[in-house]
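Let me begin by presenting the structure, written as structure tokens, before commenting on it.
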Amino acid sequence: MATEELVLKITGLKTNFYTYEGVVLALDGVELFLRRGDTMGLVGETGCGKSVTARSILRLVEPPGKIEEGEIIFFDSDDRSGKITPIDLLQLHPEEMLHVRGKRISIVFQDPATFPNPVFRIGTQIAESVLLHQDLSREVVEMKIGEMRNSLTGDLPEERRSQVVEKIRYYEQQLDEPPEPDDKDKKKAAQIVAEEMLKLVKMPSPSSVMMQYPHELSGGMRQRALIAMALVCNPEILICDEATTALDVTVQAQVLNLLNELKKEIGASIIIITHDMGVVAETCNWVSVMYAGTTVESCATVDLFANPVHPYTAGLLTAVPKLHDTRERFPQIRGTVPNLITPPSGCRFHPRCDYCTEICKKEKPELKEHRPGHWVACHNPLS
Amino acid sequence: MSDDILVKTRGLKKYFPLTGGVFRKVIGKVHAVDGVDLDIARGETLGVVGESGCGKTTLGRTILRLLTPTDGTIEFDGVDITEIKGRELRETRRNMQIIFQDPMASLNPRVTVKNSVGEPFIVNRIARGPRMRDLVLALFLKVGLTEDHLNRFPHEFSGGQRQRICIARALALNPKFIVMDEPTSSTDVSVQAQTLNLMKDLQDEFKLTYMFISHNLSVVKHMSDRLAVMYLGKIVELTPGDIFREAQHPYTFALVSAVPIPDPKFAGRAQLLKGEVPSPINPPRGCRFHPRCIFCRDICTREEPELRDVGDGHLVACHFAGELDFGESVQQEYAVALADM
């Protein structure tokens, strides 16, 4: 795959957790790539390392976890010039990482009940991210002009009116090279940006939500607020870590629809982490399937659903309960997800695989292009 | 006919008081379950679906008398159990069990699973010591666990295995009726399939009656003979048929349409329901669904519709049941596409 269209490329990522029971090999050579403008689904069962991958990308893995090796290349494009610079996120100094996290790459976490800080107003929390990451000088000048225009519509004595008009002209000259604003103005402008964002995510009555605390909102509204918070700095990559799992189907449908619409508007690439194949089919055009800390299959969504090549993916797809068929029993994958302290040798799926051969027990398969646009890590791929 | 009914509720209500102010005065009521008439036949599986907060869990717990009903009656096996207490209640409870959503939270982390599963035997003075161990082992083998597992603690098991332990415990006293409250919502798809298959096998073996509560429509559909859809404490539709094709209540139709279809060919076509579930503290007047209903007419805002039979035991609580035209849904097209495959 040509590198110019990629926005994120992960190779050989290994993350371990050092626990009392032993070293948990949570990620063992994850390979991922995300093209610009794509929505990629990252699917797999609990404990397969989906969330750890997301946290590794943002360098949010906390002790006892540690990113051991690998490369996470982020192709940052400049907003103005469009120039693309590759950055290895794992080599960045923690200080520099602060400029990437939340600004260039942002994340929406799983549980909307725990993530907005319960003691701050929604507006304050969204504005905080704006204040941290954005140069607001232009917005401040625009805000001042807007305020004055508003005052012009009211009843004003002639003398005062001409003063205001002059001031507007003065500020308009500043628009090209805005001066450094003071903190108070900046805060005000950040609030305005935050409210705009809430409108964008179709929050009902955004101005009152700005002043509310998280517990006053319903689950769906909280999730919208979190999405607004993540998108407010216009990130290159948005990661949704099980963002709709805690929601009811009807609300989930609303949020997924919103994500689809926003994508057209903001032009970010999205990674959707989920275990729900329905969500993937609904929103993603590319899928990567993970199993026990490795990527097992990666291809276009339509291709995956039509022709899964890895036995695990095939099993997973048939185990998804479908609404209409009248099978008496569910097809199942035998066994359970392995313990990652002592993962199986060779291919990690081999103890549960129906197509297992000798080589599967010894050698770990590499992720390679099985047919154009369809990557798979398997010794005996289904055809 | 009445012999075939195991559980029967009439006008069952459960309100939770809402307190506030300095003196914790009652300032309102949460109408969790608000007038439910339900018959569960022997040996059948009744599925209950609905969004969070619609009262499905409360309904399950009230039927088992884990919560005291505010109003209405519950009959179990021909006996009115609404008012019974003490020894009589304990005796009745031997015949009804519940499996909870989170198996980790319903097993004591400091007790070996053998003792957890064996506790019903001790409490009911059936067996103890080595005899209890044998009984527990028999149960373990039934649910696909082995002898090695007996003396372990809950944290040593995976989620699917823990759920099996809870199933074993529920089966211990040979009950007639089991309420399953979201038994698979915390497990993965591949393990979920195993658990559901196990429960179906056990139902055939022990002639169990299930009440299966879940918000996952596809799972419920697979497990159930009849399906009840709840909205704000009321049953709005109850059908022995395929709710995906024969939905008659606008809410059921919307709920069904919102389920993401695991096929990218149908992406982006889910029909959206406006707004969110209103608060059960002050449920809307008239039909509870009317503020979100696209077919809402004058009568809906004034009169509460009754659950009425529209044929073949299909009950719908809508003023216009059978008259509404929902159009072709994505789900129906998907069903056709699946049938062609």
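Identifiers in the structure tokens: chain A, B, ... in order shown; residue index from 1 per chain; ligand index from 1 in order shown.
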
- [ ] Using only C-alpha atoms, determine which residues of chain B fall within 9 Å of chain A; present them as JSON, numbers by chain.
- [x] {"B": [50, 51, 52, 158, 160, 187, 188, 189, 190, 191, 192, 193, 194, 196, 197, 200, 215, 216, 217, 218, 219, 221, 222, 223, 242, 244, 245, 254, 255, 256, 257, 258, 259, 260, 261, 262, 263, 264, 265, 266, 267, 268, 269, 270, 271, 272, 273, 274, 275, 276, 331, 332, 334, 335, 338, 339]}

- [ ] Could you give me the residues within region 57-228 of chain A that DSSP places in alpha helix (DSSP H), as a ChimeraX atom specification?
- [x] /A:57,94-100,122-133,137-153,158-174,183-200,206-210,219-228

TODO: Would you mind listing what lies within 12 Å of Ser279 (chain B) as a list in words, with only C-alpha atoms counted and same-chain residues fewer than 5 positions away left out?
DONE: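 Everything that qualifies: Leu217 and Ser218 of chain A; Gly28, Lys29, Val30, His31, Ala32, Ser52, Gly53, Cys54, Gly55, Tyr231, Leu232, Gly233, Pro284, Arg288 and Phe289 of chain B.
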
Could you dump the residues just selected with N, CA, C and O atoms as an mmCIF file, in the first residue's frame?
data_model
loop_
_atom_site.group_PDB
_atom_site.id
_atom_site.type_symbol
_atom_site.label_atom_id
_atom_site.label_comp_id
_atom_site.auth_asym_id
_atom_site.auth_seq_id
_atom_site.Cartn_x
_atom_site.Cartn_y
_atom_site.Cartn_z
ATOM 1 N N LEU A 217 -27.323 14.754 31.974
ATOM 2 C CA LEU A 217 -27.580 14.338 30.596
ATOM 3 C C LEU A 217 -27.867 12.844 30.534
ATOM 4 O O LEU A 217 -27.407 12.087 31.381
ATOM 5 N N SER A 218 -28.581 12.441 29.496
ATOM 6 C CA SER A 218 -28.813 11.008 29.305
ATOM 7 C C SER A 218 -27.590 10.391 28.623
ATOM 8 O O SER A 218 -26.704 11.112 28.165
ATOM 9 N N GLY B 28 -41.948 11.803 44.637
ATOM 10 C CA GLY B 28 -42.404 11.280 43.356
ATOM 11 C C GLY B 28 -42.236 9.782 43.309
ATOM 12 O O GLY B 28 -41.762 9.173 44.270
ATOM 13 N N LYS B 29 -42.663 9.191 42.210
ATOM 14 C CA LYS B 29 -42.536 7.752 42.090
ATOM 15 C C LYS B 29 -41.953 7.411 40.742
ATOM 16 O O LYS B 29 -42.300 8.036 39.741
ATOM 17 N N VAL B 30 -41.062 6.428 40.728
ATOM 18 C CA VAL B 30 -40.581 5.907 39.453
ATOM 19 C C VAL B 30 -41.513 4.771 39.061
ATOM 20 O O VAL B 30 -41.607 3.780 39.778
ATOM 21 N N HIS B 31 -42.202 4.928 37.953
ATOM 22 C CA HIS B 31 -43.141 3.895 37.525
ATOM 23 C C HIS B 31 -42.387 2.824 36.753
ATOM 24 O O HIS B 31 -42.424 2.795 35.530
ATOM 25 N N ALA B 32 -41.679 1.957 37.480
ATOM 26 C CA ALA B 32 -40.804 0.990 36.816
ATOM 27 C C ALA B 32 -41.612 -0.070 36.069
ATOM 28 O O ALA B 32 -41.341 -0.358 34.912
ATOM 29 N N SER B 52 -32.945 0.309 27.970
ATOM 30 C CA SER B 52 -32.638 0.376 29.395
ATOM 31 C C SER B 52 -33.625 1.306 30.073
ATOM 32 O O SER B 52 -34.027 2.325 29.521
ATOM 33 N N GLY B 53 -34.019 0.931 31.264
ATOM 34 C CA GLY B 53 -34.965 1.754 32.007
ATOM 35 C C GLY B 53 -36.416 1.476 31.671
ATOM 36 O O GLY B 53 -37.294 2.177 32.139
ATOM 37 N N CYS B 54 -36.685 0.445 30.866
ATOM 38 C CA CYS B 54 -38.090 0.204 30.523
ATOM 39 C C CYS B 54 -38.757 -0.701 31.548
ATOM 40 O O CYS B 54 -39.945 -0.939 31.473
ATOM 41 N N GLY B 55 -37.997 -1.211 32.500
ATOM 42 C CA GLY B 55 -38.599 -1.990 33.582
ATOM 43 C C GLY B 55 -38.518 -3.482 33.400
ATOM 44 O O GLY B 55 -39.161 -4.221 34.132
ATOM 45 N N TYR B 231 -42.053 -0.975 27.028
ATOM 46 C CA TYR B 231 -41.700 0.428 26.882
ATOM 47 C C TYR B 231 -42.252 1.171 28.076
ATOM 48 O O TYR B 231 -43.452 1.122 28.340
ATOM 49 N N LEU B 232 -41.398 1.786 28.840
ATOM 50 C CA LEU B 232 -41.789 2.557 30.020
ATOM 51 C C LEU B 232 -42.720 1.802 30.967
ATOM 52 O O LEU B 232 -43.768 2.310 31.341
ATOM 53 N N GLY B 233 -42.338 0.595 31.314
ATOM 54 C CA GLY B 233 -43.081 -0.125 32.332
ATOM 55 C C GLY B 233 -44.303 -0.869 31.845
ATOM 56 O O GLY B 233 -45.014 -1.470 32.632
ATOM 57 N N PRO B 284 -45.417 10.025 29.882
ATOM 58 C CA PRO B 284 -46.363 10.824 29.101
ATOM 59 C C PRO B 284 -47.787 10.301 29.282
ATOM 60 O O PRO B 284 -48.000 9.127 29.540
ATOM 61 N N ARG B 288 -47.953 5.938 25.954
ATOM 62 C CA ARG B 288 -46.656 6.399 26.452
ATOM 63 C C ARG B 288 -45.659 6.653 25.340
ATOM 64 O O ARG B 288 -44.640 7.284 25.540
ATOM 65 N N PHE B 289 -45.935 6.131 24.201
ATOM 66 C CA PHE B 289 -44.982 6.275 23.094
ATOM 67 C C PHE B 289 -45.312 7.496 22.239
ATOM 68 O O PHE B 289 -44.549 7.856 21.362
#

- [ ] Identify, on the basis of only C-alpha atoms, every residue whose closest approach to region 269-271 of chain A does not exceed 9 Å; exclude the query and any residue fewer than 4 positions from it along the same chain; express the result as a VMD selection string.
- [x] chain A and resid 7 34 to 42 54 235 to 241 263 284

Based on the selection just made, write all heavy atoms of those residues as a compact mmCIF listing (two decimals), in the first residue's frame.
# COMPACT_ATOMS: atom_id res chain seq x y z
N VAL A 7 -2.58 7.43 6.86
CA VAL A 7 -2.51 8.44 7.90
C VAL A 7 -1.93 7.82 9.17
O VAL A 7 -1.37 8.50 10.01
CB VAL A 7 -3.89 9.10 8.13
CG1 VAL A 7 -4.92 8.11 8.60
CG2 VAL A 7 -3.81 10.26 9.09
N LEU A 34 -4.14 2.68 8.41
CA LEU A 34 -5.38 3.43 8.26
C LEU A 34 -5.17 4.43 7.13
O LEU A 34 -4.22 5.22 7.16
CB LEU A 34 -5.68 4.17 9.56
CG LEU A 34 -6.90 5.09 9.58
CD1 LEU A 34 -8.17 4.30 9.42
CD2 LEU A 34 -6.95 5.87 10.88
N ARG A 35 -6.04 4.37 6.12
CA ARG A 35 -5.92 5.31 5.01
C ARG A 35 -6.64 6.60 5.34
O ARG A 35 -7.59 6.60 6.10
CB ARG A 35 -6.48 4.69 3.74
CG ARG A 35 -5.56 3.66 3.15
CD ARG A 35 -6.17 3.05 1.93
NE ARG A 35 -7.47 2.46 2.24
CZ ARG A 35 -8.18 1.76 1.37
NH1 ARG A 35 -7.74 1.59 0.15
NH2 ARG A 35 -9.33 1.24 1.71
N ARG A 36 -6.19 7.68 4.73
CA ARG A 36 -6.81 8.98 4.97
C ARG A 36 -8.29 8.94 4.55
O ARG A 36 -8.60 8.50 3.44
CB ARG A 36 -6.05 10.03 4.16
CG ARG A 36 -6.08 11.41 4.72
CD ARG A 36 -5.03 12.26 4.05
NE ARG A 36 -3.68 11.97 4.55
CZ ARG A 36 -3.20 12.45 5.69
NH1 ARG A 36 -3.93 13.26 6.41
NH2 ARG A 36 -1.99 12.15 6.09
N GLY A 37 -9.14 9.40 5.44
CA GLY A 37 -10.57 9.46 5.11
C GLY A 37 -11.33 8.16 5.31
O GLY A 37 -12.54 8.12 5.16
N ASP A 38 -10.63 7.11 5.67
CA ASP A 38 -11.31 5.83 5.90
C ASP A 38 -11.97 5.78 7.28
O ASP A 38 -11.58 6.50 8.18
CB ASP A 38 -10.29 4.68 5.85
CG ASP A 38 -10.29 4.01 4.49
OD1 ASP A 38 -10.95 4.55 3.59
OD2 ASP A 38 -9.63 2.97 4.35
N THR A 39 -12.94 4.89 7.41
CA THR A 39 -13.42 4.51 8.73
C THR A 39 -13.05 3.05 8.90
O THR A 39 -13.51 2.22 8.15
CB THR A 39 -14.94 4.66 8.84
OG1 THR A 39 -15.28 5.98 8.46
CG2 THR A 39 -15.40 4.42 10.25
N MET A 40 -12.18 2.80 9.86
CA MET A 40 -11.73 1.42 10.03
C MET A 40 -12.36 0.83 11.28
O MET A 40 -12.38 1.46 12.33
CB MET A 40 -10.22 1.37 10.15
CG MET A 40 -9.74 -0.06 10.29
SD MET A 40 -7.97 -0.21 10.30
CE MET A 40 -7.62 0.33 11.94
N GLY A 41 -12.85 -0.37 11.16
CA GLY A 41 -13.37 -1.07 12.32
C GLY A 41 -12.27 -1.96 12.86
O GLY A 41 -11.59 -2.65 12.11
N LEU A 42 -12.09 -1.93 14.17
CA LEU A 42 -11.13 -2.82 14.81
C LEU A 42 -11.96 -3.77 15.66
O LEU A 42 -12.54 -3.35 16.66
CB LEU A 42 -10.17 -1.99 15.66
CG LEU A 42 -8.90 -2.64 16.17
CD1 LEU A 42 -8.10 -3.19 15.02
CD2 LEU A 42 -8.07 -1.61 16.91
N ALA A 54 -5.44 1.00 20.98
CA ALA A 54 -5.84 2.41 20.96
C ALA A 54 -5.02 3.21 21.96
O ALA A 54 -4.52 4.29 21.66
CB ALA A 54 -7.32 2.53 21.28
N PRO A 235 -9.32 16.90 14.74
CA PRO A 235 -8.23 15.93 14.71
C PRO A 235 -8.11 15.25 13.35
O PRO A 235 -9.05 15.24 12.56
CB PRO A 235 -8.64 14.91 15.77
CG PRO A 235 -10.13 14.97 15.76
CD PRO A 235 -10.49 16.39 15.45
N GLU A 236 -6.92 14.70 13.10
CA GLU A 236 -6.70 13.89 11.89
C GLU A 236 -7.34 12.52 12.08
O GLU A 236 -7.85 11.94 11.15
CB GLU A 236 -5.20 13.68 11.68
CG GLU A 236 -4.46 14.88 11.16
CD GLU A 236 -4.65 15.05 9.67
OE1 GLU A 236 -4.27 14.13 8.93
OE2 GLU A 236 -5.20 16.09 9.27
N ILE A 237 -7.20 12.00 13.30
CA ILE A 237 -7.72 10.65 13.57
C ILE A 237 -8.62 10.71 14.80
O ILE A 237 -8.25 11.31 15.81
CB ILE A 237 -6.57 9.66 13.85
CG1 ILE A 237 -5.60 9.62 12.67
CG2 ILE A 237 -7.11 8.27 14.12
CD1 ILE A 237 -4.40 8.76 12.91
N LEU A 238 -9.79 10.10 14.67
CA LEU A 238 -10.68 9.98 15.82
C LEU A 238 -10.79 8.49 16.15
O LEU A 238 -11.10 7.68 15.28
CB LEU A 238 -12.05 10.55 15.49
CG LEU A 238 -13.15 10.29 16.51
CD1 LEU A 238 -12.88 11.07 17.78
CD2 LEU A 238 -14.51 10.67 15.97
N ILE A 239 -10.51 8.14 17.40
CA ILE A 239 -10.64 6.75 17.80
C ILE A 239 -11.87 6.63 18.70
O ILE A 239 -11.99 7.35 19.68
CB ILE A 239 -9.38 6.28 18.57
CG1 ILE A 239 -8.14 6.48 17.72
CG2 ILE A 239 -9.52 4.82 18.98
CD1 ILE A 239 -6.85 6.18 18.45
N CYS A 240 -12.80 5.76 18.33
CA CYS A 240 -13.98 5.53 19.17
C CYS A 240 -13.84 4.16 19.81
O CYS A 240 -14.00 3.15 19.14
CB CYS A 240 -15.26 5.57 18.34
SG CYS A 240 -15.53 7.13 17.57
N ASP A 241 -13.53 4.14 21.08
CA ASP A 241 -13.31 2.87 21.77
C ASP A 241 -14.63 2.38 22.35
O ASP A 241 -15.04 2.81 23.41
CB ASP A 241 -12.26 3.07 22.87
CG ASP A 241 -11.88 1.76 23.53
OD1 ASP A 241 -12.46 0.73 23.17
OD2 ASP A 241 -10.99 1.78 24.40
N LYS A 263 -18.31 12.57 9.57
CA LYS A 263 -17.12 12.19 8.82
C LYS A 263 -17.05 12.97 7.51
O LYS A 263 -16.00 13.44 7.11
CB LYS A 263 -17.17 10.70 8.54
CG LYS A 263 -15.83 10.11 8.30
CD LYS A 263 -15.95 8.67 7.93
CE LYS A 263 -15.35 8.47 6.59
NZ LYS A 263 -15.66 7.18 6.04
N CYS A 284 -18.22 1.13 8.82
CA CYS A 284 -16.81 1.09 8.40
C CYS A 284 -16.66 0.67 6.95
O CYS A 284 -17.46 -0.11 6.45
CB CYS A 284 -16.03 0.11 9.26
SG CYS A 284 -16.21 0.45 11.00

TODO: Could you tell me which of A:Cys356, A:Ile122, A:Val30, A:Met148 comes closest to Cys48 (chain A) if we count only C-alpha atoms?
DONE: A:Val30
